[in-house]
$ cat target.cif   # mmCIF, C-alpha atoms
data_input
#
loop_
_atom_site.label_atom_id
_atom_site.label_comp_id
_atom_site.auth_asym_id
_atom_site.auth_seq_id
_atom_site.Cartn_x
_atom_site.Cartn_y
_atom_site.Cartn_z
CA LYS A 130 0.00 0.00 0.00
CA MET A 131 1.21 3.46 -0.82
CA LEU A 132 0.34 6.54 1.15
CA VAL A 133 0.93 9.84 -0.61
CA CYS A 134 1.25 12.96 1.50
CA ARG A 135 1.62 15.94 -0.82
CA SER A 136 5.06 15.51 -2.44
CA ASN A 137 6.36 12.78 -0.08
CA ILE A 138 5.68 9.05 -0.46
CA PHE A 139 5.77 6.66 2.46
CA ASN A 140 5.47 2.89 2.71
CA VAL A 141 3.13 2.12 5.57
CA SER A 142 1.40 -0.91 7.03
CA ARG A 143 -1.09 1.15 9.05
CA PRO A 144 -2.53 4.63 8.43
CA LEU A 145 -0.64 7.56 9.91
CA SER A 146 -1.98 9.65 12.75
CA PHE A 147 -4.91 11.83 11.82
CA GLY A 148 -3.94 14.43 9.29
CA THR A 149 -4.38 15.16 5.63
CA PHE A 150 -3.30 12.62 3.08
CA PHE A 151 -4.31 10.41 0.17
CA LYS A 152 -4.33 6.69 0.75
CA HIS A 153 -4.18 4.61 -2.41
CA LEU A 154 -5.89 1.32 -1.77
CA SER A 155 -4.91 -1.95 -3.38
CA THR A 156 -7.72 -3.92 -5.01
CA PRO A 157 -8.36 -7.25 -3.32
CA LYS A 158 -8.50 -10.47 -5.37
CA PRO A 159 -11.96 -11.23 -6.72
CA ALA A 160 -13.94 -13.52 -4.48
CA THR A 161 -17.17 -15.41 -4.82
CA PHE A 162 -19.68 -14.51 -2.17
CA LYS A 163 -22.81 -16.30 -1.10
CA PHE A 164 -25.52 -14.94 1.10
CA ASN A 165 -28.62 -16.34 2.74
CA PRO A 166 -31.69 -14.11 2.68
CA ASN A 167 -32.94 -13.31 6.16
CA ARG A 168 -36.50 -12.54 7.07
CA ILE A 169 -37.04 -8.94 8.05
CA ASN A 170 -39.36 -7.77 10.75
CA ARG A 171 -40.70 -4.56 9.32
CA LYS A 172 -41.35 -1.69 11.63
CA THR A 173 -43.16 1.54 11.09
CA LEU A 174 -40.62 4.30 10.64
CA THR A 175 -40.38 6.85 13.40
CA THR A 176 -40.34 10.36 11.99
CA THR A 177 -38.84 13.14 14.06
CA ARG A 178 -39.22 16.72 12.89
CA VAL A 179 -36.06 18.75 13.32
CA LEU A 180 -36.60 22.49 13.23
CA ASN A 181 -33.94 23.95 11.02
CA THR A 182 -32.86 27.48 11.74
CA PRO A 183 -29.94 28.64 9.60
CA TYR A 184 -27.11 26.78 11.31
CA PHE A 185 -24.50 28.98 9.66
CA GLU A 186 -25.36 31.88 11.95
CA THR A 187 -24.44 29.81 15.02
CA LEU A 188 -20.85 29.34 13.85
CA SER A 189 -17.86 31.32 15.09
CA PRO A 190 -16.30 34.04 12.91
CA ARG A 191 -13.38 31.71 12.10
CA GLN A 192 -15.73 28.89 11.08
CA LYS A 193 -17.71 31.26 8.86
CA GLU A 194 -14.46 32.39 7.25
CA GLN A 195 -13.48 28.77 6.60
CA ILE A 196 -16.82 28.05 4.95
CA HIS A 197 -16.52 31.14 2.74
CA LEU A 198 -13.02 30.00 1.74
CA TYR A 199 -14.49 26.62 0.82
CA VAL A 200 -17.32 28.17 -1.22
CA ASP A 201 -14.93 30.48 -3.09
CA ALA A 202 -12.61 27.57 -3.90
CA LEU A 203 -15.53 25.40 -5.02
CA LEU A 204 -16.77 28.03 -7.46
CA GLN A 205 -13.27 28.74 -8.79
CA TRP A 206 -12.34 25.08 -9.30
CA ASN A 207 -15.78 24.36 -10.75
CA GLN A 208 -14.85 26.47 -13.76
CA ARG A 209 -12.16 23.90 -14.61
CA MET A 210 -13.77 20.65 -13.46
CA ASN A 211 -17.28 19.40 -12.78
CA LEU A 212 -17.70 19.61 -9.01
CA THR A 213 -21.25 20.96 -8.78
CA ALA A 214 -24.07 22.14 -11.01
CA VAL A 215 -24.44 25.19 -8.77
CA THR A 216 -22.67 28.33 -9.97
CA GLU A 217 -23.84 31.09 -7.60
CA GLU A 218 -22.48 31.68 -4.09
CA SER A 219 -25.93 32.18 -2.55
CA GLU A 220 -27.13 28.93 -4.09
CA VAL A 221 -24.09 27.04 -2.80
CA MET A 222 -24.80 28.36 0.69
CA GLU A 223 -28.45 27.29 0.55
CA ARG A 224 -28.26 24.09 -1.44
CA HIS A 225 -24.97 22.65 -0.15
CA VAL A 226 -23.75 24.36 3.01
CA GLU A 227 -27.05 24.65 4.90
CA ASP A 228 -28.11 21.16 3.79
CA SER A 229 -24.82 19.78 5.10
CA LEU A 230 -25.08 21.68 8.38
CA ALA A 231 -28.66 20.44 8.80
CA THR A 232 -27.38 16.87 9.26
CA ILE A 233 -25.58 17.82 12.50
CA PRO A 234 -28.61 17.94 14.87
CA PRO A 235 -29.88 14.46 13.80
CA ILE A 236 -26.39 13.02 14.25
CA GLN A 237 -25.96 14.63 17.66
CA SER A 238 -29.40 13.73 19.04
CA SER A 239 -29.38 10.15 17.70
CA TYR A 240 -25.85 9.48 18.92
CA LEU A 241 -26.54 10.90 22.36
CA SER A 242 -29.74 8.90 22.83
CA HIS A 243 -28.53 5.56 21.45
CA CYS A 244 -24.74 5.38 21.14
CA GLY A 245 -22.79 7.21 23.82
CA ALA A 246 -22.66 9.72 26.63
CA SER A 247 -21.26 12.44 24.37
CA TYR A 248 -21.18 13.35 20.68
CA GLU A 249 -17.83 15.10 21.06
CA ASN A 250 -14.74 13.54 19.49
CA LEU A 251 -16.68 11.46 16.97
CA ASN A 252 -14.81 9.49 14.31
CA LEU A 253 -16.89 10.10 11.17
CA ILE A 254 -16.54 9.02 7.54
CA ASP A 255 -18.21 10.72 4.58
CA VAL A 256 -18.66 8.05 1.88
CA GLY A 257 -18.60 9.34 -1.69
CA SER A 258 -17.67 12.81 -0.50
CA GLY A 259 -17.44 14.31 -3.98
CA ALA A 260 -16.57 17.98 -3.47
CA GLY A 261 -16.46 17.47 0.31
CA LEU A 262 -20.17 17.55 1.03
CA PRO A 263 -21.17 17.14 3.74
CA GLY A 264 -17.83 16.03 5.23
CA LEU A 265 -15.77 19.22 4.90
CA ILE A 266 -18.63 21.32 6.22
CA LEU A 267 -19.04 18.97 9.20
CA ALA A 268 -15.31 19.14 9.89
CA ILE A 269 -15.45 22.94 9.98
CA ALA A 270 -18.58 23.11 12.14
CA CYS A 271 -17.48 20.33 14.53
CA PRO A 272 -13.70 20.71 15.00
CA SER A 273 -13.61 18.03 17.74
CA TRP A 274 -14.75 15.40 15.20
CA GLU A 275 -12.21 13.44 13.19
CA VAL A 276 -13.54 13.37 9.62
CA THR A 277 -12.50 11.01 6.84
CA LEU A 278 -13.48 11.95 3.28
CA LEU A 279 -13.72 8.91 0.99
CA GLU A 280 -13.84 9.59 -2.74
CA SER A 281 -12.88 7.43 -5.73
CA MET A 282 -12.15 10.22 -8.24
CA ASN A 283 -8.65 11.67 -8.02
CA LYS A 284 -9.52 15.19 -9.21
CA ARG A 285 -12.09 15.56 -6.44
CA CYS A 286 -9.56 14.32 -3.89
CA VAL A 287 -7.09 16.94 -5.13
CA PHE A 288 -9.73 19.63 -4.69
CA MET A 289 -10.58 18.49 -1.16
CA GLU A 290 -6.89 18.34 -0.26
CA HIS A 291 -6.53 21.92 -1.52
CA VAL A 292 -9.45 23.08 0.65
CA VAL A 293 -8.07 21.31 3.73
CA GLY A 294 -4.82 23.22 3.30
CA LEU A 295 -6.58 26.48 2.51
CA THR A 296 -8.80 26.32 5.59
CA GLU A 297 -6.02 24.89 7.80
CA LEU A 298 -8.18 21.98 8.97
CA SER A 299 -6.27 19.53 11.15
CA ASN A 300 -9.14 17.06 11.72
CA VAL A 301 -9.53 15.76 8.16
CA GLN A 302 -8.04 12.96 6.10
CA VAL A 303 -8.79 12.46 2.41
CA ILE A 304 -8.80 8.89 1.10
CA ARG A 305 -8.92 8.04 -2.58
CA GLY A 306 -10.60 4.68 -2.96
CA ARG A 307 -13.81 2.73 -3.21
CA ALA A 308 -16.10 1.95 -0.31
CA GLU A 309 -16.15 -1.73 -1.29
CA ASN A 310 -12.37 -1.94 -0.82
CA LEU A 311 -12.22 0.18 2.31
CA GLY A 312 -14.95 -1.88 3.94
CA GLN A 313 -12.80 -5.00 3.60
CA ASP A 314 -9.68 -3.25 4.93
CA LEU A 315 -9.24 -4.19 8.59
CA GLY A 316 -7.70 -0.78 9.27
CA PHE A 317 -11.06 0.85 8.50
CA ARG A 318 -13.71 -1.85 8.81
CA GLU A 319 -16.12 -1.24 11.70
CA VAL A 320 -14.01 1.54 13.25
CA PHE A 321 -16.14 4.66 12.63
CA ASP A 322 -18.71 6.01 15.06
CA VAL A 323 -20.75 7.51 12.23
CA ALA A 324 -20.90 7.12 8.45
CA VAL A 325 -22.70 9.74 6.36
CA ALA A 326 -23.59 9.90 2.68
CA ARG A 327 -25.28 12.57 0.61
CA ALA A 328 -26.49 12.24 -3.00
CA VAL A 329 -24.39 9.13 -3.69
CA ALA A 330 -26.71 6.22 -4.47
CA GLU A 331 -29.98 4.53 -3.63
CA MET A 332 -30.39 3.66 0.05
CA ARG A 333 -30.02 -0.12 -0.34
CA ILE A 334 -26.72 0.39 -2.17
CA LEU A 335 -25.54 2.95 0.37
CA ALA A 336 -26.19 0.48 3.19
CA GLU A 337 -23.62 -1.93 1.74
CA TYR A 338 -21.15 0.90 1.10
CA CYS A 339 -21.41 2.48 4.55
CA LEU A 340 -22.47 0.06 7.25
CA PRO A 341 -19.39 -2.24 7.04
CA LEU A 342 -17.35 0.83 8.05
CA VAL A 343 -19.48 1.61 11.13
CA ARG A 344 -18.63 0.12 14.52
CA VAL A 345 -21.22 -1.95 16.33
CA GLY A 346 -23.29 0.58 18.25
CA GLY A 347 -22.61 3.35 15.73
CA LEU A 348 -24.77 5.23 13.21
CA PHE A 349 -25.24 5.43 9.47
CA VAL A 350 -26.95 8.66 8.36
CA ALA A 351 -28.13 9.15 4.77
CA ALA A 352 -29.28 12.55 3.52
CA LYS A 353 -32.27 12.14 1.24
CA GLY A 354 -35.05 14.17 -0.36
CA HIS A 355 -38.49 15.09 0.91
CA ASP A 356 -40.21 11.71 0.46
CA PRO A 357 -37.81 8.74 0.76
CA GLN A 358 -40.28 6.27 2.31
CA GLU A 359 -40.43 3.87 -0.66
CA GLU A 360 -36.65 3.97 -1.09
CA VAL A 361 -36.22 3.25 2.61
CA ARG A 362 -38.69 0.37 2.44
CA ARG A 363 -36.69 -1.22 -0.40
CA ALA A 364 -33.51 -0.84 1.67
CA GLU A 365 -34.75 -2.63 4.79
CA ARG A 366 -33.38 -6.01 3.74
CA ALA A 367 -29.92 -4.63 2.90
CA ILE A 368 -29.75 -2.69 6.16
CA HIS A 369 -30.73 -5.81 8.10
CA LEU A 370 -28.10 -7.94 6.31
CA MET A 371 -25.43 -5.40 7.31
CA GLY A 372 -26.33 -5.87 10.99
CA ALA A 373 -28.32 -2.66 11.38
CA SER A 374 -31.87 -1.38 11.69
CA ILE A 375 -33.64 1.84 10.82
CA LEU A 376 -33.75 4.03 13.90
CA GLN A 377 -35.70 7.02 12.63
CA THR A 378 -36.20 9.48 9.81
CA CYS A 379 -35.54 13.11 10.65
CA SER A 380 -37.48 15.59 8.56
CA VAL A 381 -35.51 18.80 8.07
CA GLU A 382 -37.36 21.90 6.92
CA SER A 383 -35.15 23.65 4.43
CA HIS A 384 -35.30 27.41 4.00
CA SER A 385 -33.95 27.09 0.48
CA PRO A 386 -36.10 26.70 -2.64
CA TYR A 387 -35.18 23.00 -2.75
CA GLY A 388 -37.75 22.00 -0.16
CA GLN A 389 -37.78 19.57 2.68
CA ARG A 390 -34.88 17.19 3.29
CA THR A 391 -34.81 13.94 5.23
CA ALA A 392 -32.04 12.28 7.24
CA ILE A 393 -32.40 8.50 7.48
CA VAL A 394 -30.70 7.30 10.68
CA CYS A 395 -29.69 3.63 11.06
CA LEU A 396 -28.32 2.05 14.23
CA LYS A 397 -25.82 -0.80 13.88
CA GLY A 398 -26.66 -3.46 16.43
CA GLY A 399 -24.36 -6.27 15.32
CA PRO A 400 -21.28 -6.97 13.18
CA THR A 401 -21.50 -6.99 9.40
CA PRO A 402 -20.93 -10.47 7.89
CA ARG A 403 -17.40 -10.74 6.48
CA LYS A 404 -18.65 -11.27 2.92
CA TYR A 405 -19.90 -7.67 2.80
CA PRO A 406 -19.22 -5.38 1.10
CA ARG A 407 -19.03 -7.39 -2.10
CA ASP A 408 -16.58 -6.77 -4.94
CA PRO A 409 -16.31 -3.23 -6.37
CA GLY A 410 -19.26 -2.49 -8.62
CA THR A 411 -21.38 -5.40 -7.42
CA PRO A 412 -23.53 -3.49 -4.89
CA ALA A 413 -24.64 -1.05 -7.60
CA LYS A 414 -25.18 -3.74 -10.26
CA LEU A 415 -26.87 -6.26 -7.97
CA PRO A 416 -28.42 -4.37 -5.03
CA LEU A 417 -29.42 -6.49 -2.05
#
$ encode --input "target.cif" --output "structure tokens"
Amino acid sequence: KMLVCRSNIFNVSRPLSFGTFFKHLSTPKPATFKFNPNRINRKTLTTTRVLNTPYFETLSPRQKEQIHLYVDALLQWNQRMNLTAVTEESEVMERHVEDSLATIPPIQSSYLSHCGASYENLNLIDVGSGAGLPGLILAIACPSWEVTLLESMNKRCVFMEHVVGLTELSNVQVIRGRAENLGQDLGFREVFDVAVARAVAEMRILAEYCLPLVRVGGLFVAAKGHDPQEEVRRAERAIHLMGASILQTCSVESHSPYGQRTAIVCLKGGPTPRKYPRDPGTPAKLPL
């Protein structure tokens, strides 16, 4: 395995202490996996309404400055590469920044009530981080959290690395790789308190990407649109196979023109079977 830290290359057997780096993952040999369908006890989803006041205004002056640096960099880099369809600063703030910040209250309340005595010092991974959403925003707003940004496309990793340096974040690591590979890496498998994903894939696919990375007793939080009930219903089997269950859906009233958002919160009650996640590409081609 090769770990690249800016212009220096190191041979490592375990990841370095928390910092900013790219970790290039080796691809495991193809394996044939078998699984036995399990019966699911369906439960009615619990919906909790989270009142969303603009979270940005609660941040410190330094945190606001860091977010503005991120937004400026996103718009500048977006002229050279496809990072977002949004091209106006106000729209980025509403559509991306506030939506990302709105996931914090559901994470905090769910973790406090079901996972631990405190939501400080969380170890969180953002799967399919893209341009760093929501992970970079969470790292700025919650500096006591250690945030890992997982992204398979190199150009997006380069952008996120640039932002981490620009904003002087010390609680972020950027990993270039696929969730299917990382989930089978014992250095990352079932070590995170929380996994989050936003606008990556359908819920049943996300479950196989994210839940193998979450420790037993931790959370998987997926940011979805205003009416994800059918998508969540289809994902129940996959979530169950990963050792988790749906805890609640948190309805977030957005003040942007993009309407209501929903955070789907899953609690991991047992270990994920070793055969998951399956080979790269298989979860998307053959969803559970």
$ residues_around --input "target.cif" --residues "His225 (chain A)" --least-positions-apart "3" --cutoff "12 Å" --atoms "all atoms listed in the file" --output "ChimeraX atom specification"
/A:185,196,199-200,203,212-222,228-232,259-267,327-328,352,383,385,387,390
$ resolve_selection --input "target.cif" --expression "the PyMOL selection byres ((chain A and resi 255) around 8)" --output "list in words"
Leu253, Ile254, Val256, Gly257, Ser258, Leu262, Pro263, Gly264, Val276, Thr277, Leu278, Leu279, Ala324, Val325 and Ala326 of chain A
$ atom_distance --input "target.cif" --atom1 "CA of Met282 (chain A)" --atom2 "CA of Arg305 (chain A)"
6.9 Å
$ atom_distance --input "target.cif" --atom1 "CA of Glu227 (chain A)" --atom2 "CA of Gly294 (chain A)"
22.3 Å
$ resolve_selection --input "target.cif" --expression "the PyMOL selection byres ((chain A and resi 334) around 9)" --output "ChimeraX atom specification"
/A:330-333,335-339,364,367,412-413,415-417
